[in-house]
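data38.cif (mmCIF, C-alpha atoms) appears below.
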```cif
data_data
#
loop_
_atom_site.label_atom_id
_atom_site.label_comp_id
_atom_site.auth_asym_id
_atom_site.auth_seq_id
_atom_site.Cartn_x
_atom_site.Cartn_y
_atom_site.Cartn_z
CA MET A 1 42.75 -55.04 -119.48
CA PRO A 2 45.64 -57.36 -118.55
CA GLU A 3 48.58 -56.39 -116.38
CA PHE A 4 50.67 -53.43 -117.51
CA ARG A 5 54.10 -53.76 -115.96
CA ILE A 6 56.47 -50.88 -115.38
CA VAL A 7 57.95 -51.44 -111.93
CA LEU A 8 57.58 -55.23 -112.24
CA LYS A 9 58.74 -55.48 -115.84
CA ASN A 10 61.88 -57.42 -114.82
CA ALA A 11 60.14 -59.71 -112.33
CA GLY A 12 60.73 -63.32 -113.30
CA LYS A 13 62.87 -62.29 -116.26
CA ILE A 14 66.20 -61.54 -114.59
CA ASP A 15 68.21 -63.04 -111.77
CA PRO A 16 67.76 -60.63 -108.83
CA CYS A 17 71.22 -61.59 -107.58
CA SER A 18 72.88 -60.53 -110.84
CA ILE A 19 73.66 -56.89 -111.59
CA SER A 20 74.74 -58.01 -115.07
CA ASP A 21 71.22 -59.21 -115.80
CA TYR A 22 69.84 -55.88 -114.64
CA ILE A 23 72.31 -53.91 -116.76
CA ASN A 24 71.56 -56.07 -119.81
CA ALA A 25 67.86 -55.29 -119.31
CA GLY A 26 68.61 -51.56 -119.50
CA GLY A 27 69.39 -51.03 -115.83
CA TYR A 28 71.35 -47.96 -114.66
CA GLN A 29 70.90 -46.27 -118.03
CA ALA A 30 68.48 -43.87 -116.34
CA LEU A 31 71.15 -43.01 -113.77
CA LYS A 32 73.67 -42.26 -116.50
CA LYS A 33 71.11 -40.03 -118.19
CA ALA A 34 70.22 -38.30 -114.94
CA LEU A 35 73.82 -37.48 -114.05
CA HIS A 36 74.08 -35.46 -117.29
CA LYS A 37 71.21 -33.25 -116.17
CA GLU A 38 71.03 -30.55 -113.53
CA PRO A 39 69.31 -31.64 -110.29
CA GLY A 40 66.62 -29.00 -110.79
CA GLU A 41 65.88 -30.36 -114.25
CA LEU A 42 65.30 -33.84 -112.81
CA ILE A 43 62.95 -32.47 -110.18
CA GLU A 44 60.95 -30.66 -112.87
CA MET A 45 60.71 -33.90 -114.80
CA ILE A 46 59.26 -35.73 -111.80
CA LYS A 47 56.88 -32.85 -111.11
CA SER A 48 55.70 -32.80 -114.73
CA SER A 49 55.24 -36.57 -114.74
CA GLN A 50 52.61 -36.14 -111.98
CA LEU A 51 54.08 -39.08 -110.09
CA ARG A 52 52.41 -39.37 -106.70
CA GLY A 53 53.28 -41.48 -103.69
CA ARG A 54 52.21 -45.12 -103.84
CA GLY A 55 52.39 -45.70 -100.09
CA GLY A 56 48.93 -44.42 -99.19
CA ALA A 57 49.32 -40.66 -98.71
CA SER A 58 49.57 -40.02 -102.50
CA PHE A 59 51.55 -36.77 -102.07
CA PRO A 60 53.13 -35.43 -105.31
CA THR A 61 56.66 -36.81 -105.41
CA GLY A 62 58.23 -33.91 -107.32
CA ILE A 63 56.96 -31.33 -104.84
CA LYS A 64 58.44 -33.32 -101.95
CA MET A 65 61.73 -33.51 -103.85
CA GLU A 66 61.68 -29.78 -104.54
CA ALA A 67 61.04 -28.94 -100.89
CA THR A 68 63.96 -31.11 -99.77
CA ALA A 69 66.31 -29.62 -102.34
CA ALA A 70 65.28 -26.08 -101.34
CA SER A 71 65.87 -26.65 -97.62
CA PRO A 72 69.19 -25.15 -96.42
CA GLY A 73 71.92 -27.45 -95.16
CA ASP A 74 75.06 -29.19 -96.36
CA LEU A 75 73.86 -32.64 -95.30
CA LYS A 76 70.64 -34.17 -96.63
CA TYR A 77 69.19 -37.66 -96.65
CA VAL A 78 67.02 -39.89 -98.81
CA VAL A 79 65.08 -42.64 -97.04
CA CYS A 80 63.22 -45.50 -98.71
CA ASN A 81 60.36 -46.86 -96.64
CA ALA A 82 60.25 -50.64 -97.13
CA ASP A 83 58.59 -51.34 -93.77
CA GLU A 84 55.69 -53.20 -95.33
CA GLY A 85 53.61 -53.88 -92.22
CA GLU A 86 50.01 -53.35 -93.39
CA PRO A 87 48.17 -56.70 -93.23
CA GLY A 88 47.34 -57.86 -96.74
CA THR A 89 50.18 -55.91 -98.32
CA PHE A 90 53.09 -57.84 -99.84
CA LYS A 91 53.94 -55.96 -103.03
CA ASP A 92 57.27 -54.53 -101.78
CA ARG A 93 58.45 -58.05 -101.04
CA VAL A 94 57.81 -58.93 -104.69
CA ILE A 95 59.48 -55.78 -106.03
CA LEU A 96 62.60 -56.07 -103.87
CA GLY A 97 62.83 -59.84 -104.14
CA ASN A 98 62.69 -59.82 -107.94
CA ASP A 99 64.43 -56.58 -108.92
CA PRO A 100 66.38 -54.89 -106.10
CA HIS A 101 68.46 -52.71 -108.41
CA THR A 102 65.44 -50.76 -109.72
CA VAL A 103 64.68 -49.27 -106.32
CA ILE A 104 68.39 -48.72 -105.68
CA GLU A 105 68.65 -46.83 -108.96
CA GLY A 106 65.61 -44.77 -107.95
CA ILE A 107 67.25 -43.94 -104.61
CA ILE A 108 70.48 -42.84 -106.31
CA ILE A 109 68.69 -40.59 -108.82
CA SER A 110 66.55 -39.07 -106.06
CA SER A 111 69.63 -38.43 -103.92
CA TYR A 112 71.35 -36.63 -106.78
CA ALA A 113 68.23 -34.56 -107.43
CA VAL A 114 67.78 -33.35 -103.83
CA GLY A 115 71.49 -33.06 -102.98
CA ALA A 116 71.70 -35.97 -100.52
CA SER A 117 75.00 -37.67 -99.78
CA CYS A 118 73.60 -40.47 -97.62
CA ALA A 119 70.57 -42.73 -98.07
CA TYR A 120 68.84 -45.44 -96.07
CA LEU A 121 66.57 -48.26 -97.12
CA TYR A 122 64.46 -49.19 -94.08
CA LEU A 123 63.46 -52.82 -94.52
CA ARG A 124 60.76 -54.73 -92.67
CA ALA A 125 62.31 -57.00 -90.03
CA GLU A 126 60.31 -59.99 -91.27
CA TYR A 127 62.20 -59.95 -94.60
CA PRO A 128 65.70 -61.18 -93.61
CA HIS A 129 66.13 -63.03 -96.91
CA ILE A 130 65.55 -59.78 -98.79
CA ASN A 131 68.01 -58.01 -96.48
CA ASN A 132 70.76 -60.32 -97.74
CA LEU A 133 69.68 -59.75 -101.34
CA LEU A 134 69.78 -55.97 -100.90
CA GLU A 135 73.16 -56.00 -99.17
CA ASN A 136 74.53 -57.96 -102.11
CA ALA A 137 72.91 -55.57 -104.61
CA VAL A 138 74.43 -52.54 -102.84
CA LYS A 139 77.86 -54.20 -102.91
CA GLN A 140 77.49 -54.94 -106.63
CA ALA A 141 76.42 -51.35 -107.34
CA GLU A 142 79.48 -50.04 -105.49
CA GLU A 143 81.81 -52.39 -107.36
CA ASN A 144 80.38 -51.18 -110.68
CA GLY A 145 80.70 -47.48 -109.83
CA PHE A 146 76.98 -46.78 -109.34
CA LEU A 147 77.36 -46.11 -105.61
CA GLY A 148 80.10 -44.68 -103.43
CA LYS A 149 82.57 -41.93 -104.26
CA ASN A 150 82.43 -40.00 -107.53
CA ILE A 151 79.66 -42.07 -109.14
CA LEU A 152 80.43 -42.68 -112.84
CA GLY A 153 82.94 -39.82 -112.72
CA SER A 154 80.20 -37.26 -112.10
CA GLY A 155 81.59 -35.82 -108.86
CA PHE A 156 78.44 -37.00 -107.05
CA SER A 157 78.91 -39.41 -104.14
CA LEU A 158 76.36 -41.44 -102.20
CA ASP A 159 76.50 -43.89 -99.31
CA LEU A 160 73.48 -46.25 -99.21
CA LYS A 161 72.78 -48.25 -96.05
CA ILE A 162 70.27 -51.06 -95.52
CA PHE A 163 68.57 -50.74 -92.14
CA SER A 164 66.50 -53.60 -90.75
CA GLY A 165 63.53 -52.58 -88.61
CA ALA A 166 62.43 -54.26 -85.39
CA GLY A 167 59.03 -55.54 -86.52
CA ALA A 168 56.91 -52.59 -85.39
CA TYR A 169 53.95 -51.61 -87.59
CA ILE A 170 54.15 -48.03 -86.32
CA CYS A 171 57.58 -47.64 -87.94
CA GLY A 172 55.88 -47.54 -91.31
CA GLU A 173 54.91 -43.97 -90.28
CA GLU A 174 57.64 -41.69 -91.57
CA THR A 175 58.59 -39.88 -88.35
CA ALA A 176 58.58 -43.12 -86.34
CA LEU A 177 60.72 -44.74 -89.04
CA MET A 178 63.32 -41.97 -88.83
CA ARG A 179 63.40 -42.14 -85.03
CA SER A 180 64.01 -45.87 -85.35
CA ILE A 181 67.02 -45.29 -87.60
CA GLU A 182 68.31 -42.76 -85.07
CA GLY A 183 68.22 -45.46 -82.38
CA LYS A 184 65.20 -44.02 -80.58
CA ARG A 185 61.86 -45.55 -79.66
CA GLY A 186 59.75 -45.99 -82.79
CA GLU A 187 56.89 -43.58 -82.22
CA PRO A 188 55.54 -40.69 -84.33
CA SER A 189 56.36 -37.03 -83.89
CA ALA A 190 54.12 -34.05 -84.48
CA LYS A 191 54.34 -32.24 -87.84
CA PRO A 192 55.37 -29.58 -88.80
CA PRO A 193 58.29 -29.45 -89.16
CA TYR A 194 58.05 -31.89 -92.04
CA PRO A 195 60.89 -34.27 -92.96
CA THR A 196 61.75 -32.17 -96.01
CA VAL A 197 62.84 -29.43 -93.58
CA LYS A 198 63.84 -31.37 -90.47
CA GLY A 199 63.96 -35.10 -90.94
CA LEU A 200 66.52 -37.81 -90.24
CA PHE A 201 69.05 -36.66 -87.63
CA GLY A 202 67.43 -33.23 -87.86
CA LYS A 203 68.46 -32.78 -91.51
CA PRO A 204 66.31 -32.24 -94.65
CA THR A 205 65.08 -35.63 -95.81
CA PHE A 206 63.30 -36.93 -98.90
CA LEU A 207 61.36 -39.98 -97.75
CA SER A 208 59.42 -42.17 -100.14
CA ASN A 209 58.41 -45.82 -100.57
CA VAL A 210 59.63 -48.72 -102.68
CA GLU A 211 57.04 -48.55 -105.45
CA THR A 212 57.28 -44.77 -105.91
CA LEU A 213 61.07 -44.76 -106.07
CA SER A 214 61.03 -47.70 -108.49
CA ASN A 215 59.02 -45.61 -110.97
CA ILE A 216 61.65 -42.88 -111.15
CA PRO A 217 64.24 -44.66 -113.39
CA HIS A 218 61.47 -45.52 -115.89
CA ILE A 219 60.29 -41.90 -116.04
CA ILE A 220 63.84 -40.67 -116.64
CA SER A 221 64.46 -43.31 -119.32
CA ASN A 222 61.14 -43.08 -121.19
CA GLY A 223 60.16 -39.45 -120.70
CA ILE A 224 57.35 -37.40 -119.25
CA GLU A 225 54.89 -37.86 -122.13
CA TRP A 226 55.24 -41.62 -121.96
CA PHE A 227 54.35 -41.72 -118.25
CA THR A 228 51.55 -39.16 -118.38
CA GLY A 229 50.01 -41.12 -121.26
CA ILE A 230 49.32 -44.00 -118.87
CA GLY A 231 46.40 -43.92 -116.43
CA THR A 232 43.64 -41.39 -115.84
CA SER A 233 43.57 -37.60 -115.98
CA LYS A 234 44.58 -37.28 -112.32
CA SER A 235 46.23 -40.65 -111.70
CA LYS A 236 49.24 -41.27 -113.89
CA GLY A 237 51.11 -44.52 -114.37
CA THR A 238 50.38 -47.88 -112.81
CA LYS A 239 49.64 -49.23 -109.35
CA ILE A 240 50.71 -52.53 -107.83
CA PHE A 241 48.13 -54.41 -105.78
CA SER A 242 48.45 -57.43 -103.52
CA ILE A 243 45.21 -59.41 -103.66
CA SER A 244 44.41 -61.97 -100.97
CA GLY A 245 41.60 -63.34 -98.82
CA ASP A 246 38.81 -65.47 -100.26
CA VAL A 247 40.09 -65.56 -103.84
CA ASN A 248 41.21 -68.53 -105.89
CA LYS A 249 44.58 -67.11 -106.89
CA PRO A 250 46.11 -64.65 -104.38
CA CYS A 251 48.59 -62.57 -106.33
CA VAL A 252 50.51 -59.34 -106.86
CA ALA A 253 49.43 -57.47 -109.98
CA GLU A 254 50.50 -54.21 -111.62
CA VAL A 255 47.76 -52.49 -113.60
CA VAL A 256 47.06 -49.14 -115.21
CA MET A 257 45.57 -46.58 -112.85
CA GLY A 258 41.80 -46.59 -113.21
CA THR A 259 41.47 -50.36 -113.63
CA LYS A 260 38.28 -51.60 -111.97
CA LEU A 261 38.44 -53.48 -108.71
CA SER A 262 36.13 -56.14 -110.12
CA TYR A 263 38.68 -56.91 -112.87
CA LEU A 264 41.46 -57.47 -110.36
CA ILE A 265 39.34 -59.83 -108.29
CA ASN A 266 37.56 -61.75 -111.03
CA ASN A 267 40.19 -61.84 -113.77
CA LEU A 268 43.62 -61.55 -112.13
CA ALA A 269 42.85 -63.25 -108.80
CA GLY A 270 40.60 -65.93 -110.29
CA GLY A 271 37.36 -64.88 -108.61
CA VAL A 272 35.97 -65.68 -105.18
CA LYS A 273 36.50 -69.09 -103.56
CA GLU A 274 33.98 -71.86 -102.96
CA ASP A 275 31.43 -70.64 -105.52
CA THR A 276 30.28 -67.98 -103.08
CA SER A 277 29.49 -64.32 -103.57
CA ILE A 278 31.65 -61.42 -102.42
CA LYS A 279 30.37 -59.95 -99.17
CA ALA A 280 33.01 -57.24 -98.69
CA VAL A 281 36.39 -56.02 -99.90
CA GLN A 282 38.88 -54.24 -97.68
CA VAL A 283 40.89 -51.93 -99.97
CA GLY A 284 44.11 -50.55 -98.54
CA GLY A 285 44.32 -53.06 -95.71
CA PRO A 286 42.71 -52.71 -92.25
CA SER A 287 43.48 -48.98 -92.26
CA GLY A 288 41.82 -48.54 -95.67
CA LYS A 289 38.20 -48.62 -96.79
CA CYS A 290 35.70 -51.48 -96.58
CA ILE A 291 33.17 -51.66 -99.40
CA SER A 292 30.28 -53.98 -100.08
CA GLY A 293 30.64 -56.76 -102.65
CA LYS A 294 27.92 -55.13 -104.75
CA ASP A 295 30.08 -52.01 -105.20
CA ILE A 296 33.28 -53.53 -106.60
CA ASP A 297 32.75 -52.29 -110.16
CA ILE A 298 34.69 -49.14 -109.31
CA PRO A 299 37.95 -47.79 -110.79
CA LEU A 300 41.01 -47.81 -108.57
CA SER A 301 42.67 -44.40 -108.72
CA PHE A 302 43.54 -41.37 -106.63
CA GLU A 303 40.19 -39.89 -107.63
CA SER A 304 38.27 -42.77 -106.07
CA GLN A 305 40.46 -42.65 -102.95
CA LEU A 306 40.63 -46.43 -102.98
CA LEU A 307 44.34 -47.11 -103.24
CA GLY A 308 46.12 -47.00 -99.92
CA ALA A 309 49.28 -49.09 -100.03
CA GLY A 310 47.66 -51.49 -102.51
CA ALA A 311 46.23 -54.23 -100.28
CA ILE A 312 42.98 -55.84 -101.44
CA ILE A 313 41.46 -58.37 -99.04
CA VAL A 314 38.35 -60.16 -100.30
CA TYR A 315 35.72 -61.67 -97.97
CA ASN A 316 33.10 -64.09 -99.24
CA SER A 317 29.53 -64.54 -98.03
CA LYS A 318 30.57 -67.09 -95.40
CA ARG A 319 32.51 -64.46 -93.46
CA CYS A 320 31.23 -62.66 -90.38
CA ILE A 321 31.92 -58.94 -90.76
CA VAL A 322 31.90 -58.35 -87.00
CA SER A 323 34.59 -61.03 -86.56
CA VAL A 324 36.68 -59.45 -89.32
CA VAL A 325 36.47 -56.02 -87.70
CA LYS A 326 37.34 -57.53 -84.32
CA SER A 327 40.54 -59.01 -85.78
CA PHE A 328 41.47 -55.59 -87.21
CA GLN A 329 41.03 -53.90 -83.84
CA GLU A 330 43.09 -56.62 -82.15
CA PHE A 331 45.86 -55.85 -84.61
CA PHE A 332 45.71 -52.10 -83.97
CA ARG A 333 45.68 -52.59 -80.19
CA GLU A 334 48.82 -54.68 -80.51
CA GLU A 335 50.59 -52.19 -82.77
CA SER A 336 49.61 -48.84 -81.23
CA CYS A 337 52.70 -47.20 -79.75
CA GLY A 338 50.58 -45.62 -77.01
CA LYS A 339 52.09 -42.15 -77.35
CA CYS A 340 48.85 -40.24 -77.88
CA VAL A 341 45.74 -40.60 -75.73
CA PRO A 342 43.11 -40.89 -78.52
CA CYS A 343 44.77 -43.97 -79.99
CA ARG A 344 46.03 -45.48 -76.75
CA GLU A 345 42.60 -45.32 -75.14
CA GLY A 346 40.38 -45.38 -78.23
CA VAL A 347 41.51 -48.62 -79.86
CA PRO A 348 41.05 -50.77 -76.72
CA GLN A 349 37.58 -49.26 -76.25
CA LEU A 350 36.62 -50.03 -79.83
CA LEU A 351 37.92 -53.57 -79.45
CA GLU A 352 35.97 -54.02 -76.22
CA PHE A 353 32.77 -52.87 -77.91
CA VAL A 354 33.27 -55.12 -80.96
CA ASP A 355 34.15 -58.07 -78.74
CA LYS A 356 30.92 -57.63 -76.78
CA ILE A 357 28.92 -57.36 -80.00
CA SER A 358 30.56 -60.56 -81.30
CA ARG A 359 29.30 -62.30 -78.13
CA GLY A 360 25.84 -60.76 -78.34
CA GLU A 361 26.38 -58.69 -75.21
CA GLY A 362 26.48 -55.13 -76.52
CA ALA A 363 24.13 -52.49 -75.12
CA GLY A 364 21.59 -50.76 -77.34
CA ASP A 365 23.63 -47.58 -77.85
CA VAL A 366 26.91 -49.38 -78.55
CA LEU A 367 26.97 -48.46 -82.26
CA PHE A 368 26.50 -44.79 -81.40
CA GLN A 369 29.34 -45.00 -78.86
CA MET A 370 31.62 -46.66 -81.42
CA ARG A 371 30.90 -43.97 -83.99
CA ARG A 372 31.58 -41.21 -81.47
CA ILE A 373 34.92 -42.67 -80.38
CA SER A 374 35.89 -43.25 -84.01
CA GLU A 375 35.19 -39.64 -84.96
CA VAL A 376 37.26 -38.34 -82.05
CA MET A 377 40.18 -40.63 -82.94
CA LYS A 378 40.17 -39.58 -86.59
CA ILE A 379 40.35 -35.89 -85.65
CA THR A 380 42.70 -35.93 -82.67
CA SER A 381 45.14 -38.85 -83.08
CA LEU A 382 48.78 -37.95 -83.63
CA CYS A 383 49.52 -40.24 -86.56
CA GLY A 384 47.90 -42.32 -89.26
CA LEU A 385 47.43 -45.41 -87.10
CA GLY A 386 45.01 -43.68 -84.74
CA LYS A 387 43.35 -41.73 -87.54
CA THR A 388 42.66 -44.79 -89.69
CA ALA A 389 42.14 -47.56 -87.10
CA PRO A 390 38.41 -46.67 -86.87
CA ASN A 391 37.88 -46.81 -90.66
CA SER A 392 36.65 -50.40 -90.68
CA ILE A 393 34.27 -49.60 -87.80
CA ILE A 394 32.75 -46.61 -89.59
CA ASP A 395 32.52 -48.32 -92.98
CA THR A 396 31.04 -51.61 -91.78
CA ILE A 397 28.44 -50.00 -89.52
CA GLU A 398 27.29 -48.07 -92.58
CA GLU A 399 27.46 -50.96 -95.05
CA PHE A 400 26.55 -53.91 -92.81
CA LYS A 401 24.47 -52.46 -90.00
CA GLU A 402 22.08 -55.40 -90.22
CA GLU A 403 24.90 -57.73 -89.18
CA TYR A 404 25.67 -55.63 -86.12
CA ASP A 405 21.97 -55.50 -85.25
CA ALA A 406 21.73 -59.29 -85.66
CA HIS A 407 24.66 -59.81 -83.29
CA LEU A 408 23.10 -57.48 -80.75
CA SER A 409 20.06 -59.75 -80.95
CA GLY A 410 22.18 -62.84 -80.37
CA GLN A 411 22.34 -64.02 -83.99
CA CYS A 412 25.29 -64.25 -86.35
CA PRO A 413 24.19 -64.22 -90.03
CA ALA A 414 27.30 -66.18 -90.99
CA GLY A 415 26.62 -68.73 -88.26
CA ILE A 416 30.16 -68.71 -86.85
CA CYS A 417 29.72 -66.72 -83.63
CA PHE A 418 28.15 -67.67 -80.30
CA ASN A 419 29.68 -71.15 -80.37
CA ARG A 420 30.49 -70.99 -76.68
#
```
Write out the structure in this file as structure tokens.
Amino acid sequence: MPEFRIVLKNAGKIDPCSISDYINAGGYQALKKALHKEPGELIEMIKSSQLRGRGGASFPTGIKMEATAASPGDLKYVVCNADEGEPGTFKDRVILGNDPHTVIEGIIISSYAVGASCAYLYLRAEYPHINNLLENAVKQAEENGFLGKNILGSGFSLDLKIFSGAGAYICGEETALMRSIEGKRGEPSAKPPYPTVKGLFGKPTFLSNVETLSNIPHIISNGIEWFTGIGTSKSKGTKIFSISGDVNKPCVAEVVMGTKLSYLINNLAGGVKEDTSIKAVQVGGPSGKCISGKDIDIPLSFESQLLGAGAIIVYNSKRCIVSVVKSFQEFFREESCGKCVPCREGVPQLLEFVDKISRGEGAGDVLFQMRRISEVMKITSLCGLGKTAPNSIIDTIEEFKEEYDAHLSGQCPAGICFNR
């Protein structure tokens, strides 16, 4: 089926710099509707809608809201994670760059629902142009009574701040992100306590991502039955994917949950480049899952566990899988904060092994050693970086073992290694 746009419905149709355009397209009507409801009623709506996080963890949004609202304390926060650092992921840039007020409206409604008086939008440092757009959108919302003191005469007040990150991938992890806002070193903290109990500045915090928050105004406006009527039995609504790599038309596409991966690649992204076949697809970015090109006729949903943050990177038959995995491990070595031993020591070891294999110098038991290190990292690492960094190792050894074996024998099936 073609695209089905909910979050991106205004993209290309309104001027992102104009709040008037957004209002004329129905913007901030959901906020007006929400402010006439009790906070608990809004939370029940989100719970009943079965909205789940679109950032990779897929936790039920309404339950996270409920936990934040139930936590004691006079001061609470809402934080929007827009630190889009996963290679191959660029959907938040499209959402924020085309329709900044939708996510702002989602933040305001969420803040009212959980009882927060202050909110932060944590933006990736590499998006300075979007920072200016968001600052302007916040100013416009304040001037029109949608932010600030006594919003629309409801008695509810909210201060929204745009916070620019420092370019660290690890700050996409929620506890590292909050430490960054607090002016501390961006590195993860052990959980529990969870942010809903003790989050930003030690206060209860509802933390979600751009795409999830942007769904909230549409659910409030259109109703629970409308949203639950879209998608599969366990995956409601739509999902936005950024498709890149060896495709003819790299793009961002919003489709109904359950749409097949093959449709996104062949129909929306124009198929694979250079009249070649698909060797592999990395779904969810380097920290996601790598599948063989023969297995792409699979639905993308929470049930299939093939969503992640929405990155789809396609590799054609001319690619060397070992070289691809090496580049992933180089990325993780660069971005590991080094706080926990499994990640700090494990990633460099994995990179060393893959580098040797790429040069045809690996020992006979190297694949066993890589698997063993990967399993330890997945169990013992403190945060998601260390737990998911080995995913590409595990998946590709299973799916493309013959390529690893060929490299160990001094041959690269793609013919691009050993050119020393």
Practice task
Measuring atom to atom with all atoms listed in the file, identify which of A:Glu38, A:Lys239, A:Phe302, A:Asn131 is nearest to Pro60 of chain A.
Solution key: A:Phe302
Practice task
For segment 31-34 of chain A, please output as a ChimeraX atom specification all residues within 9 Å (counting all atoms listed in the file; exclusion window: fewer than 4 positions along the same chain).
Solution key: /A:27,38-39,42,105-106,108-109,112-113,146,152,217,220-221
Practice task
Just give me the residues with any atom within 9 Å of (57.3, -52.4, -91.2), file coordinates, counting only C-alpha atoms, written as an MDAnalysis selection string.
Solution key: chainID A and resid 81:86 122:126 165:173 177
Problem - Distance of atom CA of Gly386 of chain A from atom CA of Gly258 of chain A, expressed in Å to one decimal place - result: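 Atom-to-atom, atom CA of Gly258 of chain A to atom CA of Gly386 of chain A, that is 28.8 Å.
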Return as lines of an AutoDock Vina configuration file the box centre and box size in Å, one decimal, for an axis-aligned box around all listed atoms of segment 178-181 of chain A padded by 4 Å per side.
```
center_x = 65.2
center_y = -43.9
center_z = -86.9
size_x = 11.7
size_y = 11.9
size_z = 11.8
```
Problem - Contacts of Arg372 of chain A at 12 Å (all atoms listed in the file; same-chain gap of 4+ positions) as a PyMOL selection string - result: chain A and resi 342+346+349-350+365-368+376-379+390+393-394
